[in-house]
Number of protein chains: 2
Amino acid sequence: MPGLAPDIAERLSRNPDGLLPAVVQQHDTGEVLMLAWMDDEALHRTLTTGRATYWSRSRGEYWVKGETSGNRQWVREVRLDCDADTILIKVDQEGPACHTGTRTCFDDGLITQELP
Amino acid sequence: MPGLAPDIAERLSRNPDGLLPAVVQQHDTGEVLMLAWMDDEALHRTLTTGRATYWSRSRGEYWVKGETSGNRQWVREVRLDCDADTILIKVDQEGPACHTGTRTCFDDGLITQELP
């Protein structure tokens, strides 16, 4: 079975575990929804299925976002950064992105309100 | 010298190198500008100075974004995600965020135009 296209695979700069962080953004509002991790196969599946697919570091398996929760991510665009060590995924998120039930994983995490 | 506030420090889930990925977003347009890395001290400096400060993994030193290039990041908001293993920094970015001269580090990195 062919995997990730060689011209993309040869550009990727992976961490020692073979992973890249993927920033997931709602395509129209610009909300940063979450950060997840991808290896070559997760990126390949994401690009070919149009459904955001990640590598779960805690469970040691692939997960298609929303497969159990129903809160699916339909991929609109995928980009690599200048060093090809980070992925940006623009998606259309159904429902909440966070397992806590909030829209984004950052909604309850404010640690500053006033800066210098 | 006091460092990062204990109530924040005790929440952080760091990688084996003591770092967390920081997603950097333009506060008003929502553009994802770049991804960088922070340890406790970088986060402390970011929160107390209002200037985005990262740990450079390649150079092994702290860097205040824009200190040499002039393309400074003025911090508007800092958030942790639900697992406290990712930071979201909303900034006001002066000029290009990317060392290549593009506004964001993802501008030239499109790897999909049409998905299933």
# chains A, B, ... in the order shown; residues from 1 in each chain; ligands from 1
>>> interface_residues(of="chain A", to="chain B", cutoff="7 Å", atoms="only C-alpha atoms", output="VMD selection string")
chain A and resid 30 to 31 47 to 50 77 to 82 105 to 106 109 to 113 115 to 116
>>> write_last_selection(atoms="C-alpha atoms", output="mmCIF file, in the first residue's frame")
data_model
loop_
_atom_site.group_PDB
_atom_site.id
_atom_site.type_symbol
_atom_site.label_atom_id
_atom_site.label_comp_id
_atom_site.auth_asym_id
_atom_site.auth_seq_id
_atom_site.Cartn_x
_atom_site.Cartn_y
_atom_site.Cartn_z
ATOM 1 C CA GLY A 30 -9.532 31.269 12.744
ATOM 2 C CA GLU A 31 -10.010 29.669 16.175
ATOM 3 C CA LEU A 47 -4.588 13.985 3.071
ATOM 4 C CA THR A 48 -6.254 11.070 1.358
ATOM 5 C CA THR A 49 -9.437 10.786 3.425
ATOM 6 C CA GLY A 50 -10.107 14.436 4.221
ATOM 7 C CA GLU A 77 -6.268 22.724 3.921
ATOM 8 C CA VAL A 78 -2.933 21.346 5.106
ATOM 9 C CA ARG A 79 0.292 23.353 5.309
ATOM 10 C CA LEU A 80 3.855 22.762 6.465
ATOM 11 C CA ASP A 81 5.839 25.522 8.095
ATOM 12 C CA CYS A 82 9.139 26.922 6.817
ATOM 13 C CA CYS A 105 -8.949 23.084 24.033
ATOM 14 C CA PHE A 106 -7.843 26.564 25.100
ATOM 15 C CA GLY A 109 -6.953 28.022 29.967
ATOM 16 C CA LEU A 110 -6.428 31.756 30.260
ATOM 17 C CA ILE A 111 -3.379 32.454 32.427
ATOM 18 C CA THR A 112 -3.102 36.161 31.697
ATOM 19 C CA GLN A 113 -5.589 38.886 31.572
ATOM 20 C CA LEU A 115 0.174 42.069 30.738
ATOM 21 C CA PRO A 116 2.741 44.814 31.212
#
>>> calpha_fit_and_write(fixed="chain B", moving="chain A", output="short mmCIF file (atom, residue, chain, number, x, y, z; two decimals) with N, CA and C atoms, in the first residue's frame")
data_model
loop_
_atom_site.label_atom_id
_atom_site.label_comp_id
_atom_site.auth_asym_id
_atom_site.auth_seq_id
_atom_site.Cartn_x
_atom_site.Cartn_y
_atom_site.Cartn_z
N MET A 1 16.00 35.05 42.41
CA MET A 1 15.00 35.67 41.51
C MET A 1 13.81 34.73 41.37
N PRO A 2 12.63 35.22 41.68
CA PRO A 2 11.47 34.34 41.53
C PRO A 2 11.23 34.04 40.06
N GLY A 3 10.80 32.81 39.79
CA GLY A 3 10.53 32.42 38.41
C GLY A 3 9.04 32.35 38.16
N LEU A 4 8.66 31.39 37.35
CA LEU A 4 7.26 31.20 37.00
C LEU A 4 6.41 30.95 38.24
N ALA A 5 5.25 31.56 38.29
CA ALA A 5 4.36 31.39 39.43
C ALA A 5 4.08 29.91 39.68
N PRO A 6 4.17 29.47 40.94
CA PRO A 6 4.01 28.05 41.27
C PRO A 6 2.68 27.46 40.81
N ASP A 7 1.59 28.26 40.88
CA ASP A 7 0.29 27.72 40.48
C ASP A 7 0.24 27.42 38.99
N ILE A 8 1.04 28.12 38.21
CA ILE A 8 1.13 27.80 36.78
C ILE A 8 2.13 26.68 36.57
N ALA A 9 3.28 26.77 37.21
CA ALA A 9 4.34 25.77 37.02
C ALA A 9 3.87 24.36 37.34
N GLU A 10 3.04 24.24 38.38
CA GLU A 10 2.62 22.89 38.79
C GLU A 10 1.60 22.28 37.83
N ARG A 11 1.00 23.12 36.99
CA ARG A 11 0.03 22.61 36.02
C ARG A 11 0.70 22.10 34.75
N LEU A 12 1.87 22.61 34.42
CA LEU A 12 2.46 22.35 33.12
C LEU A 12 2.86 20.89 32.93
N SER A 13 2.55 20.38 31.75
CA SER A 13 2.98 19.05 31.35
C SER A 13 4.04 19.20 30.27
N ARG A 14 5.29 19.03 30.68
CA ARG A 14 6.42 19.29 29.79
C ARG A 14 6.84 18.03 29.05
N ASN A 15 7.50 18.21 27.91
CA ASN A 15 8.05 17.05 27.21
C ASN A 15 9.36 16.65 27.90
N PRO A 16 9.99 15.56 27.47
CA PRO A 16 11.20 15.10 28.17
C PRO A 16 12.32 16.14 28.23
N ASP A 17 12.28 17.11 27.31
CA ASP A 17 13.28 18.19 27.34
C ASP A 17 12.85 19.37 28.19
N GLY A 18 11.69 19.23 28.87
CA GLY A 18 11.23 20.33 29.73
C GLY A 18 10.53 21.44 28.96
N LEU A 19 10.10 21.14 27.74
CA LEU A 19 9.53 22.16 26.86
C LEU A 19 8.06 21.90 26.54
N LEU A 20 7.37 22.98 26.17
CA LEU A 20 6.00 22.88 25.63
C LEU A 20 5.97 23.62 24.30
N PRO A 21 5.19 23.10 23.34
CA PRO A 21 5.01 23.86 22.11
C PRO A 21 4.11 25.06 22.36
N ALA A 22 4.46 26.17 21.74
CA ALA A 22 3.67 27.39 21.85
C ALA A 22 3.18 27.78 20.45
N VAL A 23 1.87 27.75 20.28
CA VAL A 23 1.26 28.18 19.03
C VAL A 23 1.11 29.70 19.12
N VAL A 24 1.59 30.39 18.11
CA VAL A 24 1.58 31.85 18.14
C VAL A 24 0.60 32.37 17.09
N GLN A 25 -0.36 33.14 17.58
CA GLN A 25 -1.46 33.58 16.72
C GLN A 25 -1.58 35.10 16.75
N GLN A 26 -1.81 35.70 15.60
CA GLN A 26 -2.08 37.14 15.55
C GLN A 26 -3.44 37.38 16.21
N HIS A 27 -3.48 38.28 17.19
CA HIS A 27 -4.67 38.37 18.05
C HIS A 27 -5.93 38.81 17.33
N ASP A 28 -5.80 39.64 16.30
CA ASP A 28 -7.02 40.17 15.69
C ASP A 28 -7.43 39.43 14.41
N THR A 29 -6.47 39.06 13.59
CA THR A 29 -6.82 38.38 12.33
C THR A 29 -6.98 36.87 12.50
N GLY A 30 -6.42 36.31 13.58
CA GLY A 30 -6.50 34.88 13.80
C GLY A 30 -5.44 34.09 13.05
N GLU A 31 -4.59 34.74 12.28
CA GLU A 31 -3.52 34.02 11.57
C GLU A 31 -2.65 33.21 12.54
N VAL A 32 -2.39 31.96 12.21
CA VAL A 32 -1.39 31.21 12.96
C VAL A 32 -0.04 31.59 12.37
N LEU A 33 0.79 32.23 13.18
CA LEU A 33 2.03 32.82 12.68
C LEU A 33 3.19 31.83 12.66
N MET A 34 3.30 31.02 13.71
CA MET A 34 4.46 30.15 13.88
C MET A 34 4.22 29.24 15.07
N LEU A 35 5.10 28.28 15.22
CA LEU A 35 5.13 27.47 16.43
C LEU A 35 6.54 27.53 16.99
N ALA A 36 6.63 27.74 18.30
CA ALA A 36 7.94 27.79 18.94
C ALA A 36 7.87 26.98 20.24
N TRP A 37 8.95 26.99 21.02
CA TRP A 37 9.01 26.16 22.21
C TRP A 37 9.36 27.01 23.43
N MET A 38 8.75 26.65 24.54
CA MET A 38 8.99 27.36 25.79
C MET A 38 9.30 26.39 26.91
N ASP A 39 10.22 26.79 27.78
CA ASP A 39 10.35 26.14 29.07
C ASP A 39 9.74 27.09 30.12
N ASP A 40 9.85 26.73 31.38
CA ASP A 40 9.25 27.54 32.43
C ASP A 40 9.77 28.98 32.40
N GLU A 41 11.06 29.12 32.20
CA GLU A 41 11.66 30.45 32.25
C GLU A 41 11.20 31.30 31.06
N ALA A 42 11.09 30.69 29.88
CA ALA A 42 10.62 31.44 28.71
C ALA A 42 9.18 31.91 28.93
N LEU A 43 8.36 31.03 29.52
CA LEU A 43 6.98 31.42 29.80
C LEU A 43 6.94 32.53 30.84
N HIS A 44 7.76 32.39 31.85
CA HIS A 44 7.85 33.43 32.89
C HIS A 44 8.23 34.77 32.28
N ARG A 45 9.24 34.77 31.44
CA ARG A 45 9.68 36.03 30.82
C ARG A 45 8.59 36.60 29.91
N THR A 46 7.91 35.72 29.20
CA THR A 46 6.83 36.16 28.31
C THR A 46 5.72 36.83 29.10
N LEU A 47 5.35 36.22 30.23
CA LEU A 47 4.26 36.74 31.05
C LEU A 47 4.63 38.04 31.76
N THR A 48 5.89 38.17 32.12
CA THR A 48 6.27 39.33 32.92
C THR A 48 6.77 40.50 32.09
N THR A 49 7.22 40.21 30.85
CA THR A 49 7.72 41.31 30.02
C THR A 49 6.72 41.72 28.94
N GLY A 50 5.79 40.81 28.60
CA GLY A 50 4.86 41.12 27.52
C GLY A 50 5.49 40.99 26.14
N ARG A 51 6.70 40.49 26.10
CA ARG A 51 7.39 40.22 24.83
C ARG A 51 7.58 38.71 24.73
N ALA A 52 7.15 38.16 23.58
CA ALA A 52 7.22 36.70 23.42
C ALA A 52 8.67 36.24 23.43
N THR A 53 8.94 35.31 24.32
CA THR A 53 10.29 34.80 24.55
C THR A 53 10.25 33.29 24.49
N TYR A 54 11.13 32.72 23.69
CA TYR A 54 11.12 31.28 23.44
C TYR A 54 12.46 30.66 23.79
N TRP A 55 12.46 29.33 23.80
CA TRP A 55 13.70 28.59 23.93
C TRP A 55 14.08 28.08 22.54
N SER A 56 15.23 28.46 22.06
CA SER A 56 15.69 27.98 20.76
C SER A 56 16.34 26.62 20.93
N ARG A 57 15.71 25.60 20.36
CA ARG A 57 16.26 24.26 20.46
C ARG A 57 17.54 24.12 19.67
N SER A 58 17.64 24.85 18.56
CA SER A 58 18.83 24.73 17.72
C SER A 58 20.03 25.48 18.32
N ARG A 59 19.77 26.64 18.92
CA ARG A 59 20.87 27.42 19.46
C ARG A 59 21.11 27.18 20.94
N GLY A 60 20.11 26.52 21.60
CA GLY A 60 20.27 26.25 23.03
C GLY A 60 20.28 27.51 23.86
N GLU A 61 19.41 28.47 23.51
CA GLU A 61 19.37 29.72 24.27
C GLU A 61 17.99 30.36 24.16
N TYR A 62 17.71 31.29 25.07
CA TYR A 62 16.46 32.03 25.00
C TYR A 62 16.54 33.04 23.87
N TRP A 63 15.42 33.26 23.25
CA TRP A 63 15.39 34.35 22.27
C TRP A 63 14.10 35.14 22.40
N VAL A 64 14.28 36.45 22.44
CA VAL A 64 13.15 37.35 22.46
C VAL A 64 12.82 37.62 20.99
N LYS A 65 11.65 37.19 20.60
CA LYS A 65 11.28 37.30 19.19
C LYS A 65 11.39 38.75 18.72
N GLY A 66 12.13 38.95 17.64
CA GLY A 66 12.26 40.28 17.05
C GLY A 66 13.42 41.08 17.59
N GLU A 67 14.15 40.52 18.56
CA GLU A 67 15.22 41.29 19.18
C GLU A 67 16.29 41.69 18.17
N THR A 68 16.58 40.80 17.24
CA THR A 68 17.56 41.17 16.21
C THR A 68 16.87 41.64 14.92
N SER A 69 15.75 40.99 14.57
CA SER A 69 15.08 41.32 13.29
C SER A 69 14.20 42.57 13.39
N GLY A 70 13.80 42.91 14.62
CA GLY A 70 12.86 44.01 14.77
C GLY A 70 11.41 43.58 14.61
N ASN A 71 11.19 42.34 14.22
CA ASN A 71 9.83 41.85 14.03
C ASN A 71 9.28 41.30 15.34
N ARG A 72 8.99 42.24 16.23
CA ARG A 72 8.63 41.90 17.61
C ARG A 72 7.22 41.39 17.76
N GLN A 73 7.01 40.63 18.81
CA GLN A 73 5.69 40.11 19.16
C GLN A 73 5.29 40.67 20.52
N TRP A 74 4.23 41.44 20.52
CA TRP A 74 3.70 42.01 21.75
C TRP A 74 2.56 41.12 22.22
N VAL A 75 2.71 40.57 23.39
CA VAL A 75 1.79 39.54 23.86
C VAL A 75 0.49 40.15 24.36
N ARG A 76 -0.61 39.60 23.88
CA ARG A 76 -1.92 40.08 24.30
C ARG A 76 -2.61 39.11 25.25
N GLU A 77 -2.30 37.81 25.09
CA GLU A 77 -3.03 36.81 25.87
C GLU A 77 -2.23 35.52 25.83
N VAL A 78 -2.24 34.79 26.93
CA VAL A 78 -1.58 33.49 27.00
C VAL A 78 -2.55 32.48 27.57
N ARG A 79 -2.67 31.33 26.93
CA ARG A 79 -3.57 30.28 27.39
C ARG A 79 -2.86 28.93 27.38
N LEU A 80 -3.27 28.07 28.30
CA LEU A 80 -2.86 26.67 28.30
C LEU A 80 -4.02 25.84 27.76
N ASP A 81 -3.69 24.71 27.15
CA ASP A 81 -4.79 23.85 26.70
C ASP A 81 -5.26 22.94 27.84
N CYS A 82 -6.24 22.11 27.54
CA CYS A 82 -6.90 21.29 28.55
C CYS A 82 -5.95 20.33 29.26
N ASP A 83 -4.90 19.91 28.58
CA ASP A 83 -3.91 19.01 29.18
C ASP A 83 -2.70 19.76 29.73
N ALA A 84 -2.70 21.08 29.55
CA ALA A 84 -1.57 21.92 29.98
C ALA A 84 -0.25 21.45 29.38
N ASP A 85 -0.34 20.91 28.13
CA ASP A 85 0.90 20.54 27.45
C ASP A 85 1.12 21.35 26.17
N THR A 86 0.29 22.35 25.96
CA THR A 86 0.44 23.25 24.81
C THR A 86 0.06 24.66 25.26
N ILE A 87 0.78 25.64 24.73
CA ILE A 87 0.52 27.04 25.04
C ILE A 87 0.01 27.74 23.79
N LEU A 88 -0.97 28.61 23.96
CA LEU A 88 -1.43 29.47 22.87
C LEU A 88 -1.11 30.91 23.24
N ILE A 89 -0.34 31.56 22.38
CA ILE A 89 0.06 32.94 22.62
C ILE A 89 -0.59 33.82 21.57
N LYS A 90 -1.42 34.75 22.00
CA LYS A 90 -1.98 35.71 21.06
C LYS A 90 -1.16 36.98 21.14
N VAL A 91 -0.68 37.41 19.98
CA VAL A 91 0.27 38.51 19.94
C VAL A 91 -0.17 39.57 18.93
N ASP A 92 0.49 40.71 19.03
CA ASP A 92 0.44 41.68 17.95
C ASP A 92 1.82 41.62 17.29
N GLN A 93 1.85 41.07 16.10
CA GLN A 93 3.11 40.83 15.38
C GLN A 93 3.48 42.05 14.56
N GLU A 94 4.70 42.55 14.79
CA GLU A 94 5.23 43.61 13.91
C GLU A 94 5.89 42.95 12.70
N GLY A 95 5.45 43.33 11.52
CA GLY A 95 6.08 42.83 10.30
C GLY A 95 5.91 41.34 10.13
N PRO A 96 6.81 40.72 9.38
CA PRO A 96 6.71 39.29 9.13
C PRO A 96 7.11 38.48 10.36
N ALA A 97 6.40 37.40 10.62
CA ALA A 97 6.77 36.51 11.73
C ALA A 97 7.87 35.55 11.31
N CYS A 98 7.95 35.27 10.02
CA CYS A 98 8.85 34.20 9.56
C CYS A 98 10.21 34.76 9.16
N HIS A 99 11.24 33.97 9.45
CA HIS A 99 12.59 34.41 9.10
C HIS A 99 12.80 34.45 7.60
N THR A 100 11.89 33.82 6.84
CA THR A 100 11.99 33.87 5.37
C THR A 100 11.42 35.17 4.82
N GLY A 101 10.76 35.94 5.69
CA GLY A 101 10.21 37.22 5.25
C GLY A 101 8.71 37.19 4.97
N THR A 102 8.11 36.01 5.07
CA THR A 102 6.66 35.93 4.88
C THR A 102 5.95 36.25 6.20
N ARG A 103 4.70 36.63 6.07
CA ARG A 103 3.94 37.02 7.26
C ARG A 103 3.88 35.90 8.28
N THR A 104 3.53 34.69 7.82
CA THR A 104 3.50 33.55 8.73
C THR A 104 4.47 32.49 8.21
N CYS A 105 4.81 31.55 9.09
CA CYS A 105 5.72 30.48 8.69
C CYS A 105 5.04 29.43 7.81
N PHE A 106 3.73 29.59 7.60
CA PHE A 106 2.98 28.60 6.83
C PHE A 106 2.58 29.10 5.44
N ASP A 107 2.95 30.34 5.11
CA ASP A 107 2.46 30.95 3.87
C ASP A 107 2.84 30.16 2.62
N ASP A 108 4.06 29.64 2.59
CA ASP A 108 4.53 28.96 1.38
C ASP A 108 4.40 27.44 1.46
N GLY A 109 3.68 26.96 2.48
CA GLY A 109 3.73 25.53 2.76
C GLY A 109 2.51 24.71 2.39
N LEU A 110 1.69 25.21 1.49
CA LEU A 110 0.47 24.48 1.15
C LEU A 110 0.81 23.14 0.53
N ILE A 111 0.30 22.04 1.09
CA ILE A 111 0.52 20.73 0.48
C ILE A 111 -0.78 20.10 0.01
N THR A 112 -1.87 20.83 0.15
CA THR A 112 -3.14 20.35 -0.42
C THR A 112 -3.86 21.52 -1.01
N GLN A 113 -4.47 21.29 -2.10
CA GLN A 113 -5.40 22.30 -2.59
C GLN A 113 -6.79 21.69 -2.72
N GLU A 114 -6.79 20.44 -3.08
CA GLU A 114 -8.08 19.78 -3.20
C GLU A 114 -8.05 18.48 -2.42
N LEU A 115 -9.02 18.33 -1.58
CA LEU A 115 -9.14 17.12 -0.77
C LEU A 115 -10.35 16.34 -1.23
N PRO A 116 -10.47 15.11 -0.80
CA PRO A 116 -11.61 14.29 -1.20
C PRO A 116 -12.94 15.00 -0.96
#
>>> select_by_dssp(residues="chain A", states="helix (DSSP H, G or I)", output="ChimeraX atom specification")
/A:6-9,40-49
>>> select_by_dssp(residues="region 11-103 of chain A", states="strand (DSSP E or B)", output="ChimeraX atom specification")
/A:20-26,32-38,51,53-56,61-64,73-80,87-93
>>> decode(residues="region 36-71 of chain B", atoms="N, CA and C atoms", output="short mmCIF file (atom, residue, chain, number, x, y, z; two decimals), in the first residue's frame")
data_model
loop_
_atom_site.label_atom_id
_atom_site.label_comp_id
_atom_site.auth_asym_id
_atom_site.auth_seq_id
_atom_site.Cartn_x
_atom_site.Cartn_y
_atom_site.Cartn_z
N ALA B 36 6.63 27.75 18.30
CA ALA B 36 7.94 27.80 18.95
C ALA B 36 7.86 26.99 20.24
N TRP B 37 8.95 27.00 21.00
CA TRP B 37 9.01 26.16 22.20
C TRP B 37 9.35 27.01 23.41
N MET B 38 8.76 26.65 24.54
CA MET B 38 8.99 27.37 25.79
C MET B 38 9.30 26.39 26.91
N ASP B 39 10.23 26.80 27.78
CA ASP B 39 10.35 26.15 29.07
C ASP B 39 9.76 27.10 30.12
N ASP B 40 9.84 26.73 31.37
CA ASP B 40 9.24 27.55 32.42
C ASP B 40 9.76 28.98 32.38
N GLU B 41 11.06 29.13 32.20
CA GLU B 41 11.66 30.46 32.24
C GLU B 41 11.20 31.31 31.05
N ALA B 42 11.11 30.70 29.89
CA ALA B 42 10.63 31.44 28.72
C ALA B 42 9.19 31.90 28.94
N LEU B 43 8.37 31.03 29.51
CA LEU B 43 6.98 31.42 29.80
C LEU B 43 6.94 32.52 30.84
N HIS B 44 7.77 32.39 31.85
CA HIS B 44 7.86 33.43 32.89
C HIS B 44 8.23 34.78 32.28
N ARG B 45 9.24 34.77 31.43
CA ARG B 45 9.67 36.03 30.81
C ARG B 45 8.59 36.61 29.91
N THR B 46 7.90 35.71 29.19
CA THR B 46 6.82 36.15 28.30
C THR B 46 5.72 36.83 29.10
N LEU B 47 5.35 36.21 30.23
CA LEU B 47 4.25 36.74 31.05
C LEU B 47 4.63 38.04 31.75
N THR B 48 5.87 38.18 32.10
CA THR B 48 6.26 39.34 32.91
C THR B 48 6.77 40.50 32.07
N THR B 49 7.21 40.22 30.84
CA THR B 49 7.71 41.31 30.01
C THR B 49 6.72 41.72 28.92
N GLY B 50 5.79 40.82 28.59
CA GLY B 50 4.85 41.13 27.51
C GLY B 50 5.47 41.00 26.13
N ARG B 51 6.70 40.50 26.09
CA ARG B 51 7.38 40.23 24.81
C ARG B 51 7.57 38.73 24.70
N ALA B 52 7.14 38.17 23.57
CA ALA B 52 7.21 36.72 23.41
C ALA B 52 8.67 36.25 23.43
N THR B 53 8.93 35.31 24.32
CA THR B 53 10.28 34.80 24.54
C THR B 53 10.24 33.28 24.48
N TYR B 54 11.12 32.72 23.67
CA TYR B 54 11.11 31.28 23.43
C TYR B 54 12.46 30.65 23.78
N TRP B 55 12.46 29.31 23.80
CA TRP B 55 13.71 28.57 23.92
C TRP B 55 14.06 28.06 22.53
N SER B 56 15.23 28.45 22.06
CA SER B 56 15.69 27.97 20.76
C SER B 56 16.34 26.61 20.94
N ARG B 57 15.72 25.59 20.36
CA ARG B 57 16.27 24.24 20.47
C ARG B 57 17.54 24.10 19.65
N SER B 58 17.64 24.84 18.54
CA SER B 58 18.83 24.72 17.70
C SER B 58 20.02 25.49 18.29
N ARG B 59 19.75 26.62 18.89
CA ARG B 59 20.85 27.41 19.44
C ARG B 59 21.08 27.17 20.93
N GLY B 60 20.10 26.52 21.58
CA GLY B 60 20.25 26.26 23.01
C GLY B 60 20.27 27.51 23.83
N GLU B 61 19.39 28.46 23.49
CA GLU B 61 19.35 29.72 24.26
C GLU B 61 17.96 30.35 24.15
N TYR B 62 17.70 31.27 25.06
CA TYR B 62 16.45 32.02 24.98
C TYR B 62 16.54 33.03 23.85
N TRP B 63 15.41 33.27 23.22
CA TRP B 63 15.39 34.35 22.24
C TRP B 63 14.11 35.14 22.38
N VAL B 64 14.29 36.45 22.42
CA VAL B 64 13.16 37.35 22.44
C VAL B 64 12.83 37.63 20.98
N LYS B 65 11.64 37.19 20.57
CA LYS B 65 11.26 37.30 19.16
C LYS B 65 11.37 38.76 18.70
N GLY B 66 12.12 38.97 17.63
CA GLY B 66 12.26 40.30 17.04
C GLY B 66 13.42 41.10 17.61
N GLU B 67 14.15 40.53 18.56
CA GLU B 67 15.24 41.29 19.19
C GLU B 67 16.29 41.69 18.17
N THR B 68 16.58 40.79 17.24
CA THR B 68 17.55 41.15 16.20
C THR B 68 16.87 41.62 14.92
N SER B 69 15.74 40.98 14.58
CA SER B 69 15.07 41.32 13.30
C SER B 69 14.20 42.56 13.39
N GLY B 70 13.80 42.91 14.61
CA GLY B 70 12.86 44.01 14.76
C GLY B 70 11.41 43.59 14.61
N ASN B 71 11.19 42.35 14.22
CA ASN B 71 9.82 41.86 14.02
C ASN B 71 9.27 41.32 15.34
#
